[in-house]
>>> print(open('work.cif').read())   # mmCIF, C-alpha atoms
data_run
#
loop_
_atom_site.label_atom_id
_atom_site.label_comp_id
_atom_site.auth_asym_id
_atom_site.auth_seq_id
_atom_site.Cartn_x
_atom_site.Cartn_y
_atom_site.Cartn_z
CA MET T 1 75.82 -12.96 -36.29
CA ASP T 2 73.69 -15.96 -35.39
CA GLN T 3 72.28 -17.58 -38.52
CA ALA T 4 70.12 -20.17 -36.76
CA ILE T 5 66.39 -19.98 -37.46
CA PRO T 6 64.46 -19.55 -34.17
CA PRO T 7 61.63 -22.00 -33.48
CA ILE T 8 59.18 -19.09 -33.07
CA PHE T 9 59.85 -18.05 -36.67
CA VAL T 10 59.27 -21.59 -37.90
CA SER T 11 55.91 -21.58 -36.10
CA ARG T 12 54.93 -18.20 -37.56
CA LYS T 13 55.93 -19.22 -41.07
CA SER T 14 53.98 -22.48 -40.84
CA LYS T 15 50.82 -20.61 -39.87
CA ILE T 16 51.20 -18.09 -42.72
CA LEU T 17 51.83 -20.83 -45.28
CA ALA T 18 48.79 -22.73 -44.01
CA ASP T 19 46.64 -19.62 -44.55
CA LEU T 20 48.04 -19.12 -48.06
CA ALA T 21 47.26 -22.75 -48.88
CA THR T 22 43.56 -22.09 -48.31
CA PRO T 23 41.54 -22.54 -51.55
CA ASP T 24 40.93 -19.28 -53.43
CA GLU T 25 37.18 -19.46 -52.93
CA GLU T 26 37.68 -19.62 -49.15
CA TYR T 27 40.73 -17.34 -48.70
CA THR T 28 40.23 -13.71 -47.69
CA ASP T 29 42.50 -10.97 -46.38
CA ALA T 30 42.31 -7.30 -45.46
CA SER T 31 42.93 -5.97 -48.98
CA PRO T 32 40.12 -4.58 -51.20
CA LYS T 33 40.58 -7.57 -53.52
CA GLY T 34 40.46 -10.01 -50.62
CA SER T 35 43.11 -12.40 -51.98
CA VAL T 36 46.70 -12.59 -53.24
CA ASP T 37 47.22 -10.71 -56.53
CA GLU T 38 47.80 -13.05 -59.46
CA GLY T 39 50.66 -10.88 -60.71
CA ILE T 40 52.74 -11.49 -57.58
CA ARG T 41 51.76 -15.06 -56.69
CA ASP T 42 54.85 -16.65 -58.33
CA LEU T 43 57.21 -14.25 -56.54
CA ILE T 44 55.56 -15.02 -53.19
CA GLU T 45 55.93 -18.76 -53.76
CA ASP T 46 59.63 -18.37 -54.63
CA ILE T 47 60.32 -16.29 -51.51
CA ASN T 48 58.36 -18.57 -49.19
CA ALA T 49 60.44 -21.52 -50.42
CA LEU T 50 63.60 -19.88 -49.03
CA PRO T 51 64.69 -20.70 -45.45
CA GLY T 52 64.33 -17.82 -43.01
CA LEU T 53 61.83 -15.84 -45.15
CA VAL T 54 58.05 -15.64 -45.42
CA THR T 55 55.76 -13.00 -46.94
CA THR T 56 53.14 -11.36 -44.72
CA SER T 57 51.37 -8.98 -47.15
CA SER T 58 51.72 -7.91 -50.74
CA CYS T 59 50.37 -5.88 -53.64
CA ALA T 60 51.50 -6.44 -57.23
CA GLY T 61 50.82 -2.79 -58.10
CA ARG T 62 47.47 -1.15 -58.81
CA ILE T 63 45.38 1.69 -60.13
CA SER T 64 42.75 2.84 -57.65
CA VAL T 65 40.17 5.59 -57.30
CA PHE T 66 39.24 6.29 -53.69
CA LEU T 67 36.59 8.48 -52.10
CA GLU T 68 37.65 9.87 -48.75
CA GLY T 69 35.59 9.24 -45.65
CA ARG T 70 33.65 11.99 -43.96
CA ARG T 71 35.85 13.98 -41.61
CA GLU T 72 35.03 14.99 -38.08
CA ASN T 73 34.55 18.66 -37.19
CA ALA T 74 37.73 20.46 -36.23
CA ALA T 75 36.15 21.40 -32.89
CA ALA T 76 35.85 17.75 -31.92
CA ASP T 77 39.28 17.44 -30.39
CA SER T 78 38.75 14.29 -28.38
CA SER T 79 40.75 11.08 -28.78
CA GLU T 80 37.53 9.26 -29.66
CA ALA T 81 36.85 11.67 -32.54
CA SER T 82 40.40 11.38 -33.84
CA GLU T 83 40.08 7.60 -33.85
CA GLN T 84 37.01 7.91 -36.11
CA ARG T 85 39.01 9.65 -38.86
CA LYS T 86 39.92 6.46 -40.65
CA PHE T 87 39.80 5.81 -44.40
CA VAL T 88 38.64 2.21 -44.48
CA PRO T 89 38.01 0.19 -47.63
CA SER T 90 34.38 -0.59 -46.85
CA GLY T 91 31.48 1.75 -47.45
CA GLY T 92 29.16 3.21 -44.84
CA LYS T 93 28.53 6.47 -43.06
CA GLY T 94 31.74 8.27 -42.19
CA ALA T 95 33.90 5.73 -44.02
CA GLY T 96 35.88 5.90 -47.23
CA LYS T 97 34.98 3.93 -50.31
CA TRP T 98 36.87 2.33 -53.21
CA LEU T 99 35.31 3.49 -56.47
CA PHE T 100 37.66 1.48 -58.67
CA VAL T 101 40.63 -0.90 -58.23
CA SER T 102 42.67 -2.72 -60.89
CA HIS T 103 45.89 -4.68 -60.45
CA ASP T 104 46.47 -4.74 -64.21
CA PRO T 105 46.95 -2.02 -66.83
CA LEU T 106 43.59 -0.43 -67.59
CA ASP T 107 42.05 -1.18 -70.99
CA ILE T 108 40.29 2.01 -72.06
CA GLY T 109 38.23 0.39 -74.82
CA ARG T 110 35.42 -0.86 -72.59
CA GLU T 111 32.07 -1.11 -74.32
CA VAL T 112 28.59 -0.80 -72.84
CA GLY T 113 25.10 -1.11 -74.21
CA GLY T 114 23.32 -3.65 -76.36
CA GLU T 115 23.23 -3.48 -80.14
CA GLY T 116 24.37 0.12 -80.26
CA LYS T 117 27.56 -0.41 -78.30
CA ARG T 118 29.66 2.59 -77.36
CA GLN T 119 32.94 3.08 -75.60
CA MET T 120 32.61 3.56 -71.86
CA SER T 121 34.06 6.85 -70.61
CA LEU T 122 36.54 6.87 -67.74
CA HIS T 123 34.12 9.01 -65.78
CA GLU T 124 31.65 6.14 -65.98
CA VAL T 125 34.31 3.54 -65.15
CA PHE T 126 35.19 5.47 -61.99
CA GLY T 127 31.56 6.19 -61.04
CA MET T 128 31.77 9.96 -61.50
CA VAL T 129 29.77 12.57 -63.39
CA PRO T 130 31.48 15.40 -65.29
CA GLY T 131 31.76 18.73 -63.50
CA ASP T 132 32.62 22.31 -64.38
CA GLY T 133 36.18 22.09 -63.04
CA LYS T 134 35.50 24.39 -60.09
CA PRO T 135 36.55 23.17 -56.65
CA PRO T 136 33.79 22.68 -54.08
CA SER T 137 33.15 25.32 -51.47
CA LEU T 138 33.32 24.60 -47.75
CA HIS T 139 29.97 23.67 -46.27
CA THR T 140 29.01 25.17 -42.91
CA THR T 141 27.39 22.83 -40.40
CA GLN T 142 26.45 24.12 -36.94
CA GLY T 143 28.93 26.95 -37.22
CA HIS T 144 31.84 24.75 -38.29
CA SER T 145 33.37 24.45 -41.74
CA GLN T 146 33.24 20.94 -43.17
CA ALA T 147 35.93 19.98 -45.70
CA PRO T 148 34.70 18.29 -48.89
CA ARG T 149 35.24 14.57 -49.43
CA LEU T 150 37.78 14.32 -52.22
CA VAL T 151 38.24 11.63 -54.86
CA ARG T 152 41.86 10.58 -55.33
CA PHE T 153 43.37 8.74 -58.30
CA HIS T 154 46.38 6.58 -57.35
CA TYR T 155 48.94 4.46 -59.07
CA GLU T 156 50.88 2.40 -56.52
CA PRO T 157 53.83 0.13 -57.43
CA MET T 158 54.55 -3.25 -55.88
CA ILE T 159 54.83 -3.39 -52.13
CA LEU T 160 55.86 -6.53 -50.31
CA HIS T 161 56.37 -7.28 -46.62
CA ILE T 162 58.71 -10.16 -45.82
CA MET T 163 59.16 -11.53 -42.31
CA THR T 164 62.71 -12.78 -41.68
CA ALA T 165 64.12 -15.13 -39.07
CA ASN T 166 66.69 -12.56 -37.93
CA LEU T 167 68.73 -9.62 -39.19
CA HIS T 168 71.15 -11.94 -40.98
CA HIS T 169 68.30 -13.19 -43.19
CA ALA T 170 66.97 -9.64 -43.68
CA GLN T 171 70.24 -8.31 -45.11
CA PRO T 172 70.17 -10.09 -48.54
CA VAL T 173 66.53 -9.06 -48.99
CA LEU T 174 67.32 -5.40 -48.35
CA SER T 175 70.30 -5.57 -50.71
CA ALA T 176 68.17 -7.13 -53.47
CA ALA T 177 65.42 -4.53 -53.02
CA SER T 178 67.82 -1.58 -53.22
CA SER T 179 69.69 -2.90 -56.27
CA SER T 180 66.48 -3.63 -58.21
CA GLY T 181 64.95 -0.16 -57.87
CA PHE T 182 62.92 -0.39 -54.64
CA ARG T 183 65.07 2.24 -52.93
CA GLU T 184 62.67 3.17 -50.13
CA SER T 185 62.79 -0.35 -48.72
CA GLY T 186 63.71 -0.91 -45.09
CA LEU T 187 62.81 -2.57 -41.81
CA GLN T 188 59.18 -2.10 -40.82
CA GLY T 189 59.96 -0.26 -37.60
CA LEU T 190 62.17 -1.50 -34.77
CA ARG T 191 59.42 -3.01 -32.62
CA CYS T 192 59.88 -6.20 -34.63
CA LEU T 193 63.22 -6.64 -32.84
CA GLU T 194 61.56 -6.75 -29.42
CA GLY T 195 59.06 -8.93 -27.67
CA ASP T 196 58.97 -11.96 -25.43
CA ASN T 197 58.23 -14.32 -28.31
CA GLY T 198 61.44 -13.48 -30.13
CA PRO T 199 62.33 -11.01 -32.89
CA SER T 200 61.18 -11.49 -36.48
CA PRO T 201 62.31 -8.44 -38.49
CA ILE T 202 59.95 -7.47 -41.32
CA VAL T 203 61.41 -6.00 -44.50
CA ALA T 204 59.14 -3.64 -46.47
CA VAL T 205 60.02 -3.74 -50.18
CA ARG T 206 58.69 -0.53 -51.73
CA SER T 207 59.37 2.33 -54.14
CA ALA T 208 57.81 5.76 -53.83
CA GLY T 209 59.39 6.96 -57.08
CA LEU T 210 56.84 5.16 -59.28
CA ALA T 211 53.80 6.28 -57.29
CA LEU T 212 51.29 8.70 -58.78
CA GLU T 213 48.45 10.60 -57.08
CA SER T 214 46.00 13.22 -58.23
CA ILE T 215 42.75 14.70 -56.92
CA ILE T 216 40.15 14.23 -59.66
CA GLY T 217 36.80 14.88 -58.00
CA TYR T 218 34.72 15.36 -54.90
CA CYS T 219 31.52 14.09 -53.33
CA GLU T 220 28.35 16.19 -53.12
CA ASP T 221 26.71 14.86 -49.99
CA ASN T 222 22.92 14.93 -50.02
CA ASP T 223 20.87 15.90 -47.02
CA SER T 224 18.76 12.80 -47.55
CA GLU T 225 20.44 9.57 -46.48
CA SER T 226 18.16 7.58 -48.78
CA GLU T 227 19.73 9.08 -51.92
CA GLU T 228 23.15 8.19 -53.25
CA PRO T 229 25.63 11.09 -53.07
CA ILE T 230 26.80 12.58 -56.37
CA ILE T 231 30.49 12.13 -57.11
CA ARG T 232 31.48 14.99 -59.38
CA SER T 233 34.65 15.26 -61.43
CA LEU T 234 37.06 18.19 -61.22
CA VAL T 235 38.98 17.29 -64.38
CA SER T 236 38.31 16.50 -68.02
CA GLU T 237 38.07 13.08 -69.65
CA GLU T 238 41.38 13.81 -71.41
CA TYR T 239 43.11 14.51 -68.10
CA ILE T 240 41.95 11.19 -66.63
CA GLN T 241 43.06 9.49 -69.86
CA MET T 242 46.54 10.97 -69.35
CA LEU T 243 46.69 9.63 -65.77
CA VAL T 244 45.67 6.17 -66.96
CA ASN T 245 48.28 6.18 -69.76
CA MET T 246 51.00 7.21 -67.29
CA SER T 247 49.90 4.47 -64.90
CA ASN T 248 49.91 1.83 -67.64
CA GLU T 249 53.51 2.79 -68.49
CA ARG T 250 54.46 2.48 -64.82
CA PHE T 251 52.95 -1.00 -64.71
CA THR T 252 55.62 -1.99 -67.26
CA VAL T 253 58.48 -0.46 -65.23
CA ASN T 254 57.07 -2.03 -62.06
CA ALA T 255 57.03 -5.49 -63.70
CA GLU T 256 60.68 -5.10 -64.75
CA ARG T 257 61.73 -4.09 -61.23
CA LYS T 258 59.73 -6.92 -59.71
CA GLU T 259 61.55 -9.46 -61.92
CA ARG T 260 64.93 -7.91 -61.09
CA PHE T 261 64.09 -8.17 -57.40
CA ARG T 262 63.10 -11.83 -57.75
CA THR T 263 66.39 -12.64 -59.50
CA ALA T 264 68.46 -10.66 -56.97
CA VAL T 265 66.85 -12.07 -53.84
CA MET T 266 67.16 -15.65 -55.10
CA ARG T 267 70.83 -15.06 -55.97
CA ASN T 268 71.64 -13.29 -52.69
CA CYS T 269 69.95 -15.86 -50.51
CA SER T 270 71.61 -18.74 -52.38
CA ALA T 271 75.00 -17.10 -51.86
CA GLU T 272 74.26 -16.59 -48.16
CA ASN T 273 73.24 -20.23 -47.79
CA SER T 274 76.42 -21.42 -49.52
CA SER T 275 78.56 -19.17 -47.31
CA GLY T 276 76.75 -20.34 -44.20
CA THR T 277 77.28 -23.99 -45.12
CA ALA T 278 81.00 -23.43 -45.59
CA LYS T 279 81.30 -21.67 -42.26
CA THR T 280 79.42 -24.46 -40.48
CA LYS T 281 81.63 -27.12 -42.01
CA GLY T 282 84.69 -25.10 -41.05
CA LYS T 283 83.59 -25.20 -37.45
CA THR T 284 82.95 -28.94 -37.33
CA LYS T 285 85.99 -30.01 -39.34
CA ALA T 286 89.29 -28.23 -38.89
CA GLY T 287 91.04 -27.31 -42.11
CA TRP T 288 87.88 -27.51 -44.28
CA GLU T 289 88.28 -25.80 -47.64
CA ASN T 290 85.99 -25.28 -50.61
CA PRO T 291 86.87 -26.76 -54.06
CA GLU T 292 88.47 -23.55 -55.33
CA GLN T 293 90.70 -23.24 -52.28
CA ARG T 294 91.70 -26.90 -52.63
CA ARG T 295 92.64 -26.43 -56.30
CA GLU T 296 94.80 -23.41 -55.43
CA ARG T 297 96.50 -25.30 -52.60
CA LYS T 298 97.22 -28.33 -54.82
CA ARG T 299 98.60 -26.09 -57.55
CA ALA T 300 100.91 -24.27 -55.12
CA GLU T 301 102.10 -27.59 -53.64
CA GLY T 302 102.79 -28.95 -57.12
CA LEU T 303 104.85 -25.93 -58.10
CA ALA T 304 106.81 -26.08 -54.86
CA ARG T 305 107.53 -29.80 -55.34
CA LYS T 306 108.66 -29.24 -58.94
CA LYS T 307 111.00 -26.44 -57.86
CA MET T 308 112.46 -28.59 -55.10
CA LEU T 309 113.18 -31.48 -57.53
CA GLU T 310 114.81 -29.12 -60.00
CA SER T 311 116.99 -27.71 -57.23
CA GLN T 312 118.00 -31.20 -56.12
CA ALA T 313 118.88 -32.19 -59.69
CA THR T 314 121.02 -29.09 -60.08
CA ARG T 315 122.94 -29.77 -56.86
CA THR T 316 123.50 -33.42 -57.83
CA GLY T 317 124.87 -32.35 -61.22
CA HIS T 318 127.31 -29.97 -59.61
CA GLN T 319 128.56 -32.65 -57.21
CA ASP T 320 129.13 -35.18 -60.04
CA THR T 321 131.07 -32.64 -62.10
CA GLU T 322 133.33 -31.73 -59.18
CA GLY T 323 134.07 -35.42 -58.48
CA GLU T 324 135.00 -36.08 -62.10
CA ASP T 325 137.31 -33.07 -62.15
CA GLN T 326 139.07 -34.29 -59.02
CA ARG T 327 139.52 -37.84 -60.42
CA VAL T 328 141.06 -36.56 -63.72
CA GLY T 329 143.27 -34.15 -61.83
CA GLY T 330 144.63 -37.02 -59.68
CA ILE T 331 145.52 -39.14 -62.72
CA LEU T 332 147.40 -36.28 -64.41
CA HIS T 333 149.31 -35.60 -61.21
CA SER T 334 150.48 -39.24 -61.00
CA LEU T 335 151.71 -39.17 -64.57
CA ASP T 336 153.75 -36.07 -63.86
CA THR T 337 155.53 -37.80 -61.03
#
>>> encode(input="work.cif", output="structure tokens")
Amino acid sequence: MDQAIPPIFVSRKSKILADLATPDEEYTDASPKGSVDEGIRDLIEDINALPGLVTTSSCAGRISVFLEGRRENAAADSSEASEQRKFVPSGGKGAGKWLFVSHDPLDIGREVGGEGKRQMSLHEVFGMVPGDGKPPSLHTTQGHSQAPRLVRFHYEPMILHIMTANLHHAQPVLSAASSSGFRESGLQGLRCLEGDNGPSPIVAVRSAGLALESIIGYCEDNDSESEEPIIRSLVSEEYIQMLVNMSNERFTVNAERKERFRTAVMRNCSAENSSGTAKTKGKTKAGWENPEQRRERKRAEGLARKKMLESQATRTGHQDTEGEDQRVGGILHSLDT
């Protein structure tokens, strides 16, 4: 397989690295945070230093609480209506909204207030008010049932997208991801292998096994657009505490897998580069061999030479002995006569 890095990939990588080099106060991206997570920055720098690889998007792992966007009526079966059913990170009418996002384990002991400080409840942290635990009923609008807007608690492990120069460069990344626990990793579709500008396969490093999701509330929409909607909880404070504790434990497992992946991808890519160098030298110089092969060849030649000398010495000894026997035999024969 061709190992050469296409010029189009070099151009794409240069542009991505230029964007990442933008100062933090000026850099923005499409994520809720708007910048590269601190917990994955070192890994991204290590990967981007490797030839044939560059990261395109990433998340170190996070806890999030998300309010769904308002859904269209089931009767609206047009393509335009279906396009409006998008859960986007910004607020606004008909759009979803992030109530809480953290890329680090959540410290429960938050305090609020002045002199009489008290511990902040998780309901308050997530912008919800306690409820009675009963699910919301369907609201009827103009003869159509409208589904409630649910609040979802998520824990999501690390996800990383890595653009590669070709399939040869993608293989060690996939191997490292699988061996380090990110077993749902794979190529991000096959369209990346097509196009007039040349293929640049994208590897998605991900693991669904660590993910956690639970519905914890819903939104009570008000008829008045001037008032903020009430976001009411469906679960107890203790239940949310359990979800947070589980997520904090998964942050630890996620960090271990992330470090294993970093070690594996650096090792695999270094091995590939060494192998590629040897193959290239073999093509340009006939009979090229690596140091280990040379040591084995020299050892075999030395043993063969030693065996040959021993064989020659043995034959020479036999010839000398036979000559001496013949000379003595001749002398004795002359004395007899």
>>> atom_distance(input="work.cif", atom1="atom CA of Glu227 of chain T", atom2="atom CA of Gly96 of chain T")
17.1 Å
>>> resolve_selection(input="work.cif", expression="the PyMOL selection byres ((chain T and resi 249) around 12)", output="tab-separated table (two decimals) with C-alpha atoms, in the frame of the given file")
chain	number	residue	atom	x	y	z
T	63	ILE	CA	45.38	1.69	-60.13
T	104	ASP	CA	46.47	-4.74	-64.21
T	105	PRO	CA	46.95	-2.02	-66.83
T	106	LEU	CA	43.59	-0.43	-67.59
T	155	TYR	CA	48.94	4.46	-59.07
T	157	PRO	CA	53.83	0.13	-57.43
T	210	LEU	CA	56.84	5.16	-59.28
T	211	ALA	CA	53.80	6.28	-57.29
T	212	LEU	CA	51.29	8.70	-58.78
T	242	MET	CA	46.54	10.97	-69.35
T	243	LEU	CA	46.69	9.63	-65.77
T	244	VAL	CA	45.67	6.17	-66.96
T	245	ASN	CA	48.28	6.18	-69.76
T	246	MET	CA	51.00	7.21	-67.29
T	247	SER	CA	49.90	4.47	-64.90
T	248	ASN	CA	49.91	1.83	-67.64
T	250	ARG	CA	54.46	2.48	-64.82
T	251	PHE	CA	52.95	-1.00	-64.71
T	252	THR	CA	55.62	-1.99	-67.26
T	253	VAL	CA	58.48	-0.46	-65.23
T	254	ASN	CA	57.07	-2.03	-62.06
T	255	ALA	CA	57.03	-5.49	-63.70
T	256	GLU	CA	60.68	-5.10	-64.75
>>> atom_distance(input="work.cif", atom1="atom CA of Val36 of chain T", atom2="atom CA of Ala4 of chain T")
29.6 Å
>>> closest_residue(input="work.cif", among="T:Leu122, T:Ile240, T:Ile8, T:Val65", to="Ser200 of chain T", atoms="only C-alpha atoms")
T:Ile8
>>> atom_distance(input="work.cif", atom1="atom CA of Ala208 of chain T", atom2="atom CA of Val265 of chain T")
20.0 Å
>>> residues_near_point(input="work.cif", point="(65.7, -12.3, -42.5)", cutoff="10 Å", atoms="only C-alpha atoms", output="ChimeraX atom specification")
/T:3,5,51-54,162-174,200-203,269
>>> closest_residue(input="work.cif", among="T:Glu213, T:Glu124, T:Glu68, T:Asp132", to="His154 of chain T", atoms="only C-alpha atoms")
T:Glu213
>>> residues_around(input="work.cif", residues="Gly39 of chain T", least_positions_apart="5", cutoff="10 Å", atoms="all atoms listed in the file", output="VMD selection string")
chain T and resid 44 59 to 61 103 to 104 158 255 258
>>> resolve_selection(input="work.cif", expression="the PyMOL selection byres ((chain T and resi 183) around 12)", output="PyMOL selection string")
chain T and resi 159+174-182+184-186+204-210+257+261
>>> resolve_selection(input="work.cif", expression="the PyMOL selection byres ((chain T and resi 228-238) around 9)", output="mmCIF file with C-alpha atoms, keeping the file's coordinate frame")
data_model
loop_
_atom_site.group_PDB
_atom_site.id
_atom_site.type_symbol
_atom_site.label_atom_id
_atom_site.label_comp_id
_atom_site.auth_asym_id
_atom_site.auth_seq_id
_atom_site.Cartn_x
_atom_site.Cartn_y
_atom_site.Cartn_z
ATOM 1 C CA LEU T 67 36.590 8.480 -52.100
ATOM 2 C CA SER T 121 34.060 6.850 -70.610
ATOM 3 C CA LEU T 122 36.540 6.870 -67.740
ATOM 4 C CA HIS T 123 34.120 9.010 -65.780
ATOM 5 C CA GLY T 127 31.560 6.190 -61.040
ATOM 6 C CA MET T 128 31.770 9.960 -61.500
ATOM 7 C CA VAL T 129 29.770 12.570 -63.390
ATOM 8 C CA PRO T 130 31.480 15.400 -65.290
ATOM 9 C CA GLY T 131 31.760 18.730 -63.500
ATOM 10 C CA ASP T 132 32.620 22.310 -64.380
ATOM 11 C CA GLY T 133 36.180 22.090 -63.040
ATOM 12 C CA LYS T 134 35.500 24.390 -60.090
ATOM 13 C CA PRO T 135 36.550 23.170 -56.650
ATOM 14 C CA VAL T 151 38.240 11.630 -54.860
ATOM 15 C CA ILE T 215 42.750 14.700 -56.920
ATOM 16 C CA ILE T 216 40.150 14.230 -59.660
ATOM 17 C CA GLY T 217 36.800 14.880 -58.000
ATOM 18 C CA TYR T 218 34.720 15.360 -54.900
ATOM 19 C CA CYS T 219 31.520 14.090 -53.330
ATOM 20 C CA GLU T 220 28.350 16.190 -53.120
ATOM 21 C CA ASP T 221 26.710 14.860 -49.990
ATOM 22 C CA ASN T 222 22.920 14.930 -50.020
ATOM 23 C CA SER T 224 18.760 12.800 -47.550
ATOM 24 C CA GLU T 225 20.440 9.570 -46.480
ATOM 25 C CA SER T 226 18.160 7.580 -48.780
ATOM 26 C CA GLU T 227 19.730 9.080 -51.920
ATOM 27 C CA TYR T 239 43.110 14.510 -68.100
ATOM 28 C CA ILE T 240 41.950 11.190 -66.630
ATOM 29 C CA GLN T 241 43.060 9.490 -69.860
ATOM 30 C CA MET T 242 46.540 10.970 -69.350
ATOM 31 C CA LEU T 243 46.690 9.630 -65.770
#
>>> axis_aligned_box(input="work.cif", around="segment 261-266 of chain T", padding_each_side="4 Å", output="JSON")
{"center_x": 65.8, "center_y": -11.9, "center_z": -56.7, "size_x": 13.4, "size_y": 15.5, "size_z": 13.7}
>>> build_atoms(input="work.cif", residues="segment 51-64 of chain T", atoms="N, CA, C and O atoms", output="PDB file, in the frame of the given file")
ATOM      1  N   PRO T  51      64.628 -20.603 -46.920  1.00  0.00           N
ATOM      2  CA  PRO T  51      64.690 -20.700 -45.450  1.00  0.00           C
ATOM      3  C   PRO T  51      64.884 -19.321 -44.826  1.00  0.00           C
ATOM      4  O   PRO T  51      65.636 -18.497 -45.333  1.00  0.00           O
ATOM      5  N   GLY T  52      64.173 -19.082 -43.732  1.00  0.00           N
ATOM      6  CA  GLY T  52      64.330 -17.820 -43.010  1.00  0.00           C
ATOM      7  C   GLY T  52      63.510 -16.678 -43.542  1.00  0.00           C
ATOM      8  O   GLY T  52      63.601 -15.558 -43.037  1.00  0.00           O
ATOM      9  N   LEU T  53      62.655 -16.897 -44.564  1.00  0.00           N
ATOM     10  CA  LEU T  53      61.830 -15.840 -45.150  1.00  0.00           C
ATOM     11  C   LEU T  53      60.393 -16.300 -45.301  1.00  0.00           C
ATOM     12  O   LEU T  53      60.147 -17.473 -45.608  1.00  0.00           O
ATOM     13  N   VAL T  54      59.451 -15.368 -45.126  1.00  0.00           N
ATOM     14  CA  VAL T  54      58.050 -15.640 -45.420  1.00  0.00           C
ATOM     15  C   VAL T  54      57.333 -14.310 -45.645  1.00  0.00           C
ATOM     16  O   VAL T  54      57.587 -13.326 -44.946  1.00  0.00           O
ATOM     17  N   THR T  55      56.471 -14.233 -46.632  1.00  0.00           N
ATOM     18  CA  THR T  55      55.760 -13.000 -46.940  1.00  0.00           C
ATOM     19  C   THR T  55      54.548 -12.854 -46.014  1.00  0.00           C
ATOM     20  O   THR T  55      53.880 -13.838 -45.690  1.00  0.00           O
ATOM     21  N   THR T  56      54.279 -11.624 -45.595  1.00  0.00           N
ATOM     22  CA  THR T  56      53.140 -11.360 -44.720  1.00  0.00           C
ATOM     23  C   THR T  56      52.033 -10.564 -45.408  1.00  0.00           C
ATOM     24  O   THR T  56      50.870 -10.694 -45.058  1.00  0.00           O
ATOM     25  N   SER T  57      52.377  -9.721 -46.376  1.00  0.00           N
ATOM     26  CA  SER T  57      51.370  -8.980 -47.150  1.00  0.00           C
ATOM     27  C   SER T  57      52.011  -8.532 -48.452  1.00  0.00           C
ATOM     28  O   SER T  57      53.235  -8.443 -48.550  1.00  0.00           O
ATOM     29  N   SER T  58      51.164  -8.239 -49.433  1.00  0.00           N
ATOM     30  CA  SER T  58      51.720  -7.910 -50.740  1.00  0.00           C
ATOM     31  C   SER T  58      50.679  -7.190 -51.595  1.00  0.00           C
ATOM     32  O   SER T  58      49.477  -7.283 -51.356  1.00  0.00           O
ATOM     33  N   CYS T  59      51.189  -6.460 -52.583  1.00  0.00           N
ATOM     34  CA  CYS T  59      50.370  -5.880 -53.640  1.00  0.00           C
ATOM     35  C   CYS T  59      51.231  -5.826 -54.889  1.00  0.00           C
ATOM     36  O   CYS T  59      52.344  -5.317 -54.856  1.00  0.00           O
ATOM     37  N   ALA T  60      50.718  -6.365 -55.993  1.00  0.00           N
ATOM     38  CA  ALA T  60      51.500  -6.440 -57.230  1.00  0.00           C
ATOM     39  C   ALA T  60      51.686  -5.076 -57.869  1.00  0.00           C
ATOM     40  O   ALA T  60      52.549  -4.895 -58.720  1.00  0.00           O
ATOM     41  N   GLY T  61      50.896  -4.087 -57.450  1.00  0.00           N
ATOM     42  CA  GLY T  61      50.820  -2.790 -58.100  1.00  0.00           C
ATOM     43  C   GLY T  61      49.387  -2.581 -58.561  1.00  0.00           C
ATOM     44  O   GLY T  61      48.713  -3.537 -58.975  1.00  0.00           O
ATOM     45  N   ARG T  62      48.884  -1.345 -58.486  1.00  0.00           N
ATOM     46  CA  ARG T  62      47.470  -1.150 -58.810  1.00  0.00           C
ATOM     47  C   ARG T  62      47.146   0.282 -59.176  1.00  0.00           C
ATOM     48  O   ARG T  62      47.849   1.228 -58.811  1.00  0.00           O
ATOM     49  N   ILE T  63      46.064   0.416 -59.920  1.00  0.00           N
ATOM     50  CA  ILE T  63      45.380   1.690 -60.130  1.00  0.00           C
ATOM     51  C   ILE T  63      44.160   1.686 -59.225  1.00  0.00           C
ATOM     52  O   ILE T  63      43.427   0.690 -59.160  1.00  0.00           O
ATOM     53  N   SER T  64      43.931   2.768 -58.517  1.00  0.00           N
ATOM     54  CA  SER T  64      42.750   2.840 -57.650  1.00  0.00           C
ATOM     55  C   SER T  64      42.181   4.253 -57.659  1.00  0.00           C
ATOM     56  O   SER T  64      42.902   5.226 -57.865  1.00  0.00           O
TER      57      SER T  64
END
